[in-house]
file query_8.cif (mmCIF, N, CA and C atoms)
data_entry
#
loop_
_atom_site.label_atom_id
_atom_site.label_comp_id
_atom_site.auth_asym_id
_atom_site.auth_seq_id
_atom_site.Cartn_x
_atom_site.Cartn_y
_atom_site.Cartn_z
N SER A 1 -154.03 -43.76 58.55
CA SER A 1 -154.66 -43.55 57.26
C SER A 1 -155.66 -44.68 57.00
N LEU A 2 -156.48 -44.49 56.00
CA LEU A 2 -157.47 -45.48 55.62
C LEU A 2 -156.80 -46.78 55.16
N ASN A 3 -155.69 -46.66 54.47
CA ASN A 3 -154.93 -47.84 54.04
C ASN A 3 -154.49 -48.64 55.27
N ASN A 4 -153.99 -47.98 56.29
CA ASN A 4 -153.55 -48.68 57.50
C ASN A 4 -154.71 -49.34 58.22
N LEU A 5 -155.86 -48.66 58.26
CA LEU A 5 -157.04 -49.25 58.87
C LEU A 5 -157.47 -50.49 58.09
N ALA A 6 -157.35 -50.45 56.77
CA ALA A 6 -157.68 -51.61 55.94
C ALA A 6 -156.75 -52.78 56.27
N ILE A 7 -155.49 -52.50 56.53
CA ILE A 7 -154.54 -53.54 56.92
C ILE A 7 -155.01 -54.20 58.22
N VAL A 8 -155.46 -53.39 59.17
CA VAL A 8 -155.97 -53.93 60.43
C VAL A 8 -157.20 -54.81 60.18
N MET A 9 -158.12 -54.33 59.35
CA MET A 9 -159.32 -55.11 59.05
C MET A 9 -158.95 -56.45 58.40
N TYR A 10 -157.99 -56.42 57.50
CA TYR A 10 -157.52 -57.65 56.86
C TYR A 10 -156.95 -58.61 57.91
N THR A 11 -156.12 -58.08 58.78
CA THR A 11 -155.50 -58.89 59.82
C THR A 11 -156.53 -59.54 60.73
N LEU A 12 -157.64 -58.83 60.95
CA LEU A 12 -158.72 -59.36 61.78
C LEU A 12 -159.64 -60.32 61.03
N GLY A 13 -159.35 -60.52 59.74
CA GLY A 13 -160.17 -61.41 58.93
C GLY A 13 -161.44 -60.77 58.42
N ARG A 14 -161.52 -59.47 58.48
CA ARG A 14 -162.70 -58.73 58.02
C ARG A 14 -162.42 -58.25 56.59
N PHE A 15 -162.42 -59.23 55.67
CA PHE A 15 -161.95 -59.00 54.31
C PHE A 15 -162.83 -58.05 53.50
N GLU A 16 -164.12 -58.14 53.65
CA GLU A 16 -165.01 -57.24 52.91
C GLU A 16 -164.78 -55.79 53.33
N GLU A 17 -164.64 -55.58 54.63
CA GLU A 17 -164.38 -54.22 55.12
C GLU A 17 -163.00 -53.74 54.66
N ALA A 18 -162.03 -54.63 54.69
CA ALA A 18 -160.68 -54.26 54.24
C ALA A 18 -160.71 -53.87 52.77
N GLU A 19 -161.40 -54.66 51.96
CA GLU A 19 -161.47 -54.33 50.53
C GLU A 19 -162.13 -52.99 50.30
N ALA A 20 -163.23 -52.74 50.99
CA ALA A 20 -163.93 -51.46 50.83
C ALA A 20 -163.02 -50.29 51.22
N MET A 21 -162.26 -50.46 52.29
CA MET A 21 -161.36 -49.39 52.73
C MET A 21 -160.21 -49.20 51.75
N TYR A 22 -159.65 -50.31 51.25
CA TYR A 22 -158.59 -50.18 50.25
C TYR A 22 -159.11 -49.45 49.02
N CYS A 23 -160.30 -49.81 48.57
CA CYS A 23 -160.86 -49.18 47.37
C CYS A 23 -161.12 -47.70 47.60
N ARG A 24 -161.64 -47.38 48.76
CA ARG A 24 -161.89 -45.96 49.09
C ARG A 24 -160.58 -45.19 49.19
N ALA A 25 -159.59 -45.76 49.86
CA ALA A 25 -158.28 -45.10 49.99
C ALA A 25 -157.64 -44.94 48.62
N LEU A 26 -157.75 -45.96 47.78
CA LEU A 26 -157.15 -45.89 46.45
C LEU A 26 -157.79 -44.77 45.63
N ALA A 27 -159.11 -44.66 45.68
CA ALA A 27 -159.80 -43.59 44.95
C ALA A 27 -159.37 -42.22 45.47
N MET A 28 -159.24 -42.09 46.77
CA MET A 28 -158.83 -40.80 47.36
C MET A 28 -157.40 -40.46 46.96
N TYR A 29 -156.49 -41.43 47.07
CA TYR A 29 -155.10 -41.18 46.70
C TYR A 29 -154.98 -40.82 45.22
N GLU A 30 -155.70 -41.55 44.36
CA GLU A 30 -155.64 -41.24 42.94
C GLU A 30 -156.12 -39.82 42.66
N GLU A 31 -157.19 -39.41 43.33
CA GLU A 31 -157.72 -38.07 43.11
C GLU A 31 -156.82 -36.99 43.70
N LEU A 32 -156.32 -37.20 44.91
CA LEU A 32 -155.56 -36.16 45.61
C LEU A 32 -154.07 -36.15 45.26
N LEU A 33 -153.48 -37.33 45.07
CA LEU A 33 -152.04 -37.43 44.86
C LEU A 33 -151.66 -37.86 43.44
N GLY A 34 -152.62 -38.46 42.74
CA GLY A 34 -152.37 -38.93 41.40
C GLY A 34 -152.02 -40.40 41.38
N PRO A 35 -152.15 -41.02 40.22
CA PRO A 35 -151.92 -42.47 40.11
C PRO A 35 -150.45 -42.88 40.23
N SER A 36 -149.54 -41.92 40.16
CA SER A 36 -148.11 -42.24 40.19
C SER A 36 -147.46 -42.04 41.55
N HIS A 37 -148.25 -41.71 42.56
CA HIS A 37 -147.70 -41.45 43.89
C HIS A 37 -147.44 -42.77 44.63
N PRO A 38 -146.40 -42.86 45.45
CA PRO A 38 -146.11 -44.09 46.18
C PRO A 38 -147.26 -44.56 47.09
N HIS A 39 -147.98 -43.63 47.72
CA HIS A 39 -149.11 -44.03 48.56
C HIS A 39 -150.19 -44.72 47.73
N THR A 40 -150.41 -44.21 46.51
CA THR A 40 -151.36 -44.83 45.60
C THR A 40 -150.87 -46.24 45.27
N GLY A 41 -149.59 -46.36 44.98
CA GLY A 41 -149.01 -47.67 44.69
C GLY A 41 -149.12 -48.63 45.85
N ASN A 42 -148.84 -48.17 47.06
CA ASN A 42 -148.93 -49.05 48.24
C ASN A 42 -150.35 -49.58 48.43
N THR A 43 -151.33 -48.72 48.25
CA THR A 43 -152.71 -49.15 48.44
C THR A 43 -153.14 -50.11 47.34
N ALA A 44 -152.74 -49.85 46.11
CA ALA A 44 -153.05 -50.78 45.01
C ALA A 44 -152.37 -52.13 45.26
N TYR A 45 -151.15 -52.11 45.76
CA TYR A 45 -150.41 -53.33 46.09
C TYR A 45 -151.16 -54.14 47.14
N ASN A 46 -151.57 -53.47 48.21
CA ASN A 46 -152.29 -54.15 49.29
C ASN A 46 -153.62 -54.73 48.79
N LEU A 47 -154.32 -53.95 47.98
CA LEU A 47 -155.58 -54.43 47.42
C LEU A 47 -155.32 -55.66 46.55
N ALA A 48 -154.26 -55.64 45.77
CA ALA A 48 -153.92 -56.78 44.92
C ALA A 48 -153.68 -58.04 45.75
N LEU A 49 -152.97 -57.91 46.86
CA LEU A 49 -152.71 -59.07 47.72
C LEU A 49 -154.02 -59.63 48.29
N LEU A 50 -154.92 -58.74 48.70
CA LEU A 50 -156.21 -59.18 49.23
C LEU A 50 -157.01 -59.90 48.15
N LEU A 51 -157.08 -59.31 46.97
CA LEU A 51 -157.84 -59.91 45.88
C LEU A 51 -157.25 -61.27 45.48
N PHE A 52 -155.93 -61.35 45.45
CA PHE A 52 -155.28 -62.62 45.13
C PHE A 52 -155.65 -63.68 46.16
N GLN A 53 -155.58 -63.32 47.42
CA GLN A 53 -155.89 -64.26 48.49
C GLN A 53 -157.33 -64.76 48.37
N GLN A 54 -158.21 -63.95 47.80
CA GLN A 54 -159.61 -64.33 47.63
C GLN A 54 -159.85 -65.09 46.32
N GLY A 55 -158.79 -65.28 45.53
CA GLY A 55 -158.94 -66.00 44.28
C GLY A 55 -159.45 -65.15 43.14
N ARG A 56 -159.41 -63.86 43.28
CA ARG A 56 -159.88 -62.94 42.25
C ARG A 56 -158.67 -62.45 41.45
N PHE A 57 -158.12 -63.37 40.67
CA PHE A 57 -156.81 -63.18 40.06
C PHE A 57 -156.77 -62.08 39.00
N ASP A 58 -157.80 -61.95 38.19
CA ASP A 58 -157.81 -60.88 37.18
C ASP A 58 -157.79 -59.52 37.85
N GLU A 59 -158.63 -59.35 38.87
CA GLU A 59 -158.68 -58.08 39.59
C GLU A 59 -157.36 -57.83 40.33
N ALA A 60 -156.80 -58.90 40.89
CA ALA A 60 -155.52 -58.77 41.60
C ALA A 60 -154.42 -58.32 40.63
N ALA A 61 -154.40 -58.91 39.45
CA ALA A 61 -153.38 -58.55 38.47
C ALA A 61 -153.54 -57.09 38.03
N ALA A 62 -154.77 -56.63 37.86
CA ALA A 62 -155.00 -55.23 37.47
C ALA A 62 -154.52 -54.28 38.56
N ALA A 63 -154.80 -54.63 39.82
CA ALA A 63 -154.36 -53.77 40.93
C ALA A 63 -152.84 -53.79 41.06
N MET A 64 -152.23 -54.96 40.86
CA MET A 64 -150.76 -55.04 40.96
C MET A 64 -150.10 -54.29 39.81
N GLU A 65 -150.72 -54.30 38.64
CA GLU A 65 -150.20 -53.52 37.51
C GLU A 65 -150.23 -52.03 37.85
N ALA A 66 -151.30 -51.57 38.48
CA ALA A 66 -151.40 -50.16 38.89
C ALA A 66 -150.30 -49.83 39.90
N ALA A 67 -150.05 -50.76 40.83
CA ALA A 67 -148.98 -50.55 41.81
C ALA A 67 -147.62 -50.46 41.12
N ALA A 68 -147.38 -51.37 40.19
CA ALA A 68 -146.10 -51.38 39.47
C ALA A 68 -145.91 -50.08 38.69
N ARG A 69 -146.97 -49.59 38.05
CA ARG A 69 -146.87 -48.32 37.31
C ARG A 69 -146.57 -47.16 38.26
N ALA A 70 -147.22 -47.14 39.41
CA ALA A 70 -146.98 -46.07 40.38
C ALA A 70 -145.55 -46.11 40.89
N TYR A 71 -145.06 -47.29 41.22
CA TYR A 71 -143.68 -47.41 41.70
C TYR A 71 -142.68 -47.03 40.63
N ALA A 72 -142.92 -47.46 39.41
CA ALA A 72 -142.00 -47.14 38.31
C ALA A 72 -141.95 -45.63 38.09
N ALA A 73 -143.10 -44.97 38.15
CA ALA A 73 -143.14 -43.52 37.95
C ALA A 73 -142.47 -42.79 39.12
N SER A 74 -142.62 -43.31 40.32
CA SER A 74 -142.08 -42.65 41.51
C SER A 74 -140.60 -42.95 41.73
N TYR A 75 -140.24 -44.21 41.57
CA TYR A 75 -138.90 -44.66 41.95
C TYR A 75 -138.01 -45.08 40.79
N GLY A 76 -138.62 -45.37 39.65
CA GLY A 76 -137.87 -45.88 38.52
C GLY A 76 -138.03 -47.38 38.37
N GLU A 77 -137.70 -47.88 37.20
CA GLU A 77 -137.88 -49.30 36.89
C GLU A 77 -136.97 -50.22 37.69
N GLU A 78 -135.83 -49.73 38.13
CA GLU A 78 -134.86 -50.59 38.80
C GLU A 78 -135.06 -50.67 40.30
N HIS A 79 -135.97 -49.90 40.87
CA HIS A 79 -136.18 -49.88 42.31
C HIS A 79 -136.81 -51.19 42.79
N GLU A 80 -136.49 -51.60 44.02
CA GLU A 80 -136.99 -52.87 44.55
C GLU A 80 -138.51 -52.91 44.67
N GLU A 81 -139.15 -51.78 44.95
CA GLU A 81 -140.62 -51.76 45.04
C GLU A 81 -141.22 -52.09 43.66
N THR A 82 -140.65 -51.48 42.63
CA THR A 82 -141.12 -51.73 41.26
C THR A 82 -140.88 -53.19 40.89
N ALA A 83 -139.68 -53.67 41.18
CA ALA A 83 -139.33 -55.06 40.84
C ALA A 83 -140.23 -56.05 41.58
N ASP A 84 -140.53 -55.78 42.85
CA ASP A 84 -141.38 -56.66 43.63
C ASP A 84 -142.79 -56.71 43.04
N ALA A 85 -143.34 -55.55 42.70
CA ALA A 85 -144.69 -55.51 42.11
C ALA A 85 -144.70 -56.23 40.76
N ARG A 86 -143.67 -56.02 39.96
CA ARG A 86 -143.60 -56.69 38.66
C ARG A 86 -143.46 -58.21 38.81
N THR A 87 -142.73 -58.66 39.83
CA THR A 87 -142.59 -60.09 40.09
C THR A 87 -143.94 -60.69 40.48
N HIS A 88 -144.64 -60.02 41.38
CA HIS A 88 -145.99 -60.49 41.76
C HIS A 88 -146.88 -60.55 40.52
N LEU A 89 -146.84 -59.50 39.72
CA LEU A 89 -147.69 -59.43 38.53
C LEU A 89 -147.36 -60.57 37.56
N ALA A 90 -146.09 -60.83 37.37
CA ALA A 90 -145.67 -61.89 36.45
C ALA A 90 -146.17 -63.26 36.91
N ARG A 91 -146.36 -63.42 38.19
CA ARG A 91 -146.87 -64.69 38.72
C ARG A 91 -148.40 -64.74 38.69
N MET A 92 -149.04 -63.60 38.75
CA MET A 92 -150.50 -63.55 38.73
C MET A 92 -151.06 -63.78 37.33
N GLN A 93 -150.45 -63.19 36.34
CA GLN A 93 -151.01 -63.22 34.99
C GLN A 93 -151.15 -64.63 34.41
N PRO A 94 -150.13 -65.49 34.47
CA PRO A 94 -150.32 -66.84 33.93
C PRO A 94 -151.38 -67.64 34.68
N LEU A 95 -151.45 -67.43 35.99
CA LEU A 95 -152.45 -68.13 36.77
C LEU A 95 -153.85 -67.71 36.34
N SER A 96 -154.03 -66.43 36.13
CA SER A 96 -155.32 -65.93 35.67
C SER A 96 -155.69 -66.54 34.32
N ALA A 97 -154.73 -66.58 33.40
CA ALA A 97 -154.97 -67.15 32.07
C ALA A 97 -155.27 -68.65 32.14
N ALA A 98 -154.54 -69.37 32.98
CA ALA A 98 -154.76 -70.81 33.12
C ALA A 98 -156.14 -71.09 33.70
N LEU A 99 -156.55 -70.30 34.68
CA LEU A 99 -157.87 -70.51 35.28
C LEU A 99 -158.99 -70.23 34.28
N ALA A 100 -158.79 -69.26 33.42
CA ALA A 100 -159.81 -68.91 32.44
C ALA A 100 -160.10 -70.08 31.50
N ALA A 101 -159.12 -70.96 31.30
CA ALA A 101 -159.28 -72.08 30.38
C ALA A 101 -160.03 -73.26 31.02
N LEU A 102 -160.21 -73.22 32.34
CA LEU A 102 -160.86 -74.33 33.03
C LEU A 102 -162.39 -74.20 32.97
N PRO A 103 -163.08 -75.34 33.03
CA PRO A 103 -164.54 -75.28 33.17
C PRO A 103 -164.90 -74.60 34.49
N PRO A 104 -166.04 -73.93 34.57
CA PRO A 104 -166.39 -73.15 35.77
C PRO A 104 -166.30 -73.92 37.09
N GLU A 105 -166.79 -75.15 37.15
CA GLU A 105 -166.75 -75.91 38.40
C GLU A 105 -165.31 -76.20 38.82
N GLN A 106 -164.49 -76.59 37.87
CA GLN A 106 -163.09 -76.88 38.17
C GLN A 106 -162.36 -75.59 38.58
N ARG A 107 -162.69 -74.48 37.92
CA ARG A 107 -162.10 -73.19 38.26
C ARG A 107 -162.41 -72.85 39.72
N ARG A 108 -163.67 -73.03 40.14
CA ARG A 108 -164.05 -72.74 41.52
C ARG A 108 -163.27 -73.61 42.51
N GLU A 109 -163.09 -74.88 42.17
CA GLU A 109 -162.34 -75.78 43.04
C GLU A 109 -160.88 -75.34 43.17
N VAL A 110 -160.26 -74.99 42.05
CA VAL A 110 -158.86 -74.57 42.07
C VAL A 110 -158.71 -73.26 42.84
N VAL A 111 -159.60 -72.31 42.59
CA VAL A 111 -159.54 -71.02 43.28
C VAL A 111 -159.71 -71.23 44.78
N ALA A 112 -160.65 -72.07 45.18
CA ALA A 112 -160.86 -72.35 46.60
C ALA A 112 -159.62 -72.96 47.23
N ALA A 113 -158.99 -73.89 46.53
CA ALA A 113 -157.78 -74.53 47.06
C ALA A 113 -156.63 -73.53 47.17
N LEU A 114 -156.46 -72.70 46.15
CA LEU A 114 -155.39 -71.70 46.19
C LEU A 114 -155.64 -70.66 47.29
N ALA A 115 -156.87 -70.22 47.42
CA ALA A 115 -157.21 -69.23 48.45
C ALA A 115 -156.99 -69.82 49.83
N SER A 116 -157.35 -71.07 50.02
CA SER A 116 -157.14 -71.74 51.30
C SER A 116 -155.65 -71.86 51.62
N GLU A 117 -154.88 -72.23 50.61
CA GLU A 117 -153.44 -72.35 50.79
C GLU A 117 -152.81 -71.01 51.12
N ALA A 118 -153.23 -69.96 50.41
CA ALA A 118 -152.70 -68.62 50.68
C ALA A 118 -153.09 -68.16 52.07
N ALA A 119 -154.33 -68.42 52.48
CA ALA A 119 -154.78 -68.00 53.81
C ALA A 119 -154.02 -68.72 54.90
N SER A 120 -153.72 -70.00 54.71
CA SER A 120 -153.00 -70.74 55.75
C SER A 120 -151.54 -70.30 55.84
N ALA A 121 -151.00 -69.79 54.74
CA ALA A 121 -149.62 -69.30 54.74
C ALA A 121 -149.52 -67.85 55.18
N ASP A 122 -150.67 -67.20 55.33
CA ASP A 122 -150.73 -65.77 55.60
C ASP A 122 -150.19 -65.44 56.98
N GLY A 123 -149.38 -64.39 57.04
CA GLY A 123 -148.85 -63.90 58.30
C GLY A 123 -149.77 -62.84 58.89
N ALA A 124 -149.32 -62.14 59.88
CA ALA A 124 -150.15 -61.18 60.60
C ALA A 124 -150.63 -60.04 59.73
N ALA A 125 -149.83 -59.62 58.77
CA ALA A 125 -150.25 -58.49 57.92
C ALA A 125 -149.94 -58.80 56.47
N HIS A 126 -150.64 -59.74 55.91
CA HIS A 126 -150.53 -60.17 54.53
C HIS A 126 -149.28 -60.98 54.23
N GLY A 127 -148.39 -61.19 55.14
CA GLY A 127 -147.20 -61.96 54.82
C GLY A 127 -147.60 -63.32 54.26
N GLY A 128 -147.12 -63.62 53.07
CA GLY A 128 -147.45 -64.88 52.43
C GLY A 128 -148.74 -64.86 51.66
N ALA A 129 -149.45 -63.74 51.63
CA ALA A 129 -150.72 -63.69 50.93
C ALA A 129 -150.54 -63.54 49.44
N GLY A 130 -149.36 -63.18 49.01
CA GLY A 130 -149.11 -62.95 47.60
C GLY A 130 -148.83 -64.22 46.85
N PRO A 131 -148.70 -64.11 45.55
CA PRO A 131 -148.55 -65.30 44.72
C PRO A 131 -147.25 -66.03 44.89
N ASP A 132 -146.28 -65.43 45.57
CA ASP A 132 -145.02 -66.14 45.73
C ASP A 132 -144.69 -66.43 47.18
N ASP A 133 -145.62 -66.13 48.08
CA ASP A 133 -145.44 -66.42 49.50
C ASP A 133 -144.08 -66.02 50.04
N ASP A 134 -143.60 -64.87 49.64
CA ASP A 134 -142.28 -64.42 50.10
C ASP A 134 -142.35 -63.65 51.41
N GLY A 135 -143.55 -63.50 51.96
CA GLY A 135 -143.68 -62.79 53.23
C GLY A 135 -143.53 -61.29 53.07
N GLY A 136 -143.71 -60.75 51.88
CA GLY A 136 -143.52 -59.34 51.63
C GLY A 136 -144.42 -58.45 52.46
N GLY A 137 -145.62 -58.87 52.71
CA GLY A 137 -146.51 -58.15 53.59
C GLY A 137 -147.12 -56.90 52.98
N ALA A 138 -148.09 -56.38 53.72
CA ALA A 138 -148.79 -55.17 53.31
C ALA A 138 -147.88 -53.97 53.47
N ARG A 139 -148.21 -52.93 52.74
CA ARG A 139 -147.41 -51.71 52.78
C ARG A 139 -148.25 -50.56 53.30
N ALA A 140 -147.76 -49.93 54.33
CA ALA A 140 -148.48 -48.81 54.94
C ALA A 140 -148.30 -47.53 54.16
#

call {"tool": "encode", "arguments": {"input": "query_8.cif", "output": "structure tokens"}}
result
Amino acid sequence: SLNNLAIVMYTLGRFEEAEAMYCRALAMYEELLGPSHPHTGNTAYNLALLLFQQGRFDEAAAAMEAAARAYAASYGEEHEETADARTHLARMQPLSAALAALPPEQRREVVAALASEAASADGAAHGGAGPDDDGGGARA
């Protein structure tokens, strides 16, 4: 699938291509399967991890929220996929708010440092790319 190809592009360090594929797959899944389908959630989750790794925290939080909503609708609030997405989201939101309060130059420095740290902790397929470095990895 396009989502899986995006995972490969991410693994190869081809982040712009991976993002474009995730966005295209997400749009297709939303149109064909609806926003509450698990495949839609998986792609939103993967996109959120990529955006987070790039320091685009607001966008990452929005994508993770979409993933959490899809998982909750598909599996219920108590399911581990839902809980995992909500945990990631809870860690992204305060970071986004804290960064917004910084002057632009300092914000760029912090984002660069966080992105570098996330990239160095990153495993073969997004492991460690998320805000809690739990090695959760991308979802096919």

call {"tool": "atom_distance", "arguments": {"input": "query_8.cif", "atom1": "atom C of Ala100 in chain A", "atom2": "atom N of Gln53 in chain A"}}
result
17.9 Å

call {"tool": "atom_distance", "arguments": {"input": "query_8.cif", "atom1": "atom C of Thr11 in chain A", "atom2": "CA of His88 in chain A"}}
result
21.7 Å

call {"tool": "resolve_selection", "arguments": {"input": "query_8.cif", "expression": "the PyMOL selection byres (((chain A and resi 38 and name CA) around 8) and name CA)", "output": "MDAnalysis selection string"}}
result
chainID A and resid 36:37 39:42 70:71 74

call {"tool": "atom_distance", "arguments": {"input": "query_8.cif", "atom1": "atom N of Ala27 in chain A", "atom2": "CA of His79 in chain A"}}
result
23.8 Å

call {"tool": "resolve_selection", "arguments": {"input": "query_8.cif", "expression": "the PyMOL selection byres ((chain A and resi 7) around 8)", "output": "list in words"}}
result
Ser1, Leu2, Asn3, Asn4, Leu5, Ala6, Val8, Met9, Tyr10, Thr11, Leu12, Gly13, Glu17, Ala18, Glu19, Met21, Tyr22, Asn46, Ala124, Ala125, His126, Ala138, Arg139 and Ala140 of chain A

call {"tool": "closest_residue", "arguments": {"input": "query_8.cif", "among": "A:Ala61, A:Ala85, A:Gln54, A:Ala72", "to": "Val111 in chain A", "atoms": "all atoms listed in the file"}}
result
A:Gln54

call {"tool": "closest_residue", "arguments": {"input": "query_8.cif", "among": "A:Ala73, A:Ala25, A:Val110, A:Ala60", "to": "Arg91 in chain A", "atoms": "only C-alpha atoms"}}
result
A:Ala60

call {"tool": "closest_residue", "arguments": {"input": "query_8.cif", "among": "A:Ala62, A:Ala113, A:Leu99, A:Ala68", "to": "Asp84 in chain A", "atoms": "all atoms listed in the file"}}
result
A:Ala68

call {"tool": "residues_near_point", "arguments": {"input": "query_8.cif", "point": "(-148.1, -59.9, 41.9)", "cutoff": "12 Å", "atoms": "only C-alpha atoms", "output": "count of residues only"}}
result
47

call {"tool": "select_by_dssp", "arguments": {"input": "query_8.cif", "residues": "chain A", "states": "alpha helix (DSSP H)", "output": "PyMOL selection string"}}
result
chain A and resi 2-11+15-32+38-53+57-75+80-100+104-121

call {"tool": "closest_residue", "arguments": {"input": "query_8.cif", "among": "A:Leu26, A:Arg56, A:Ala97, A:Arg69", "to": "Ala112 in chain A", "atoms": "only C-alpha atoms"}}
result
A:Arg56
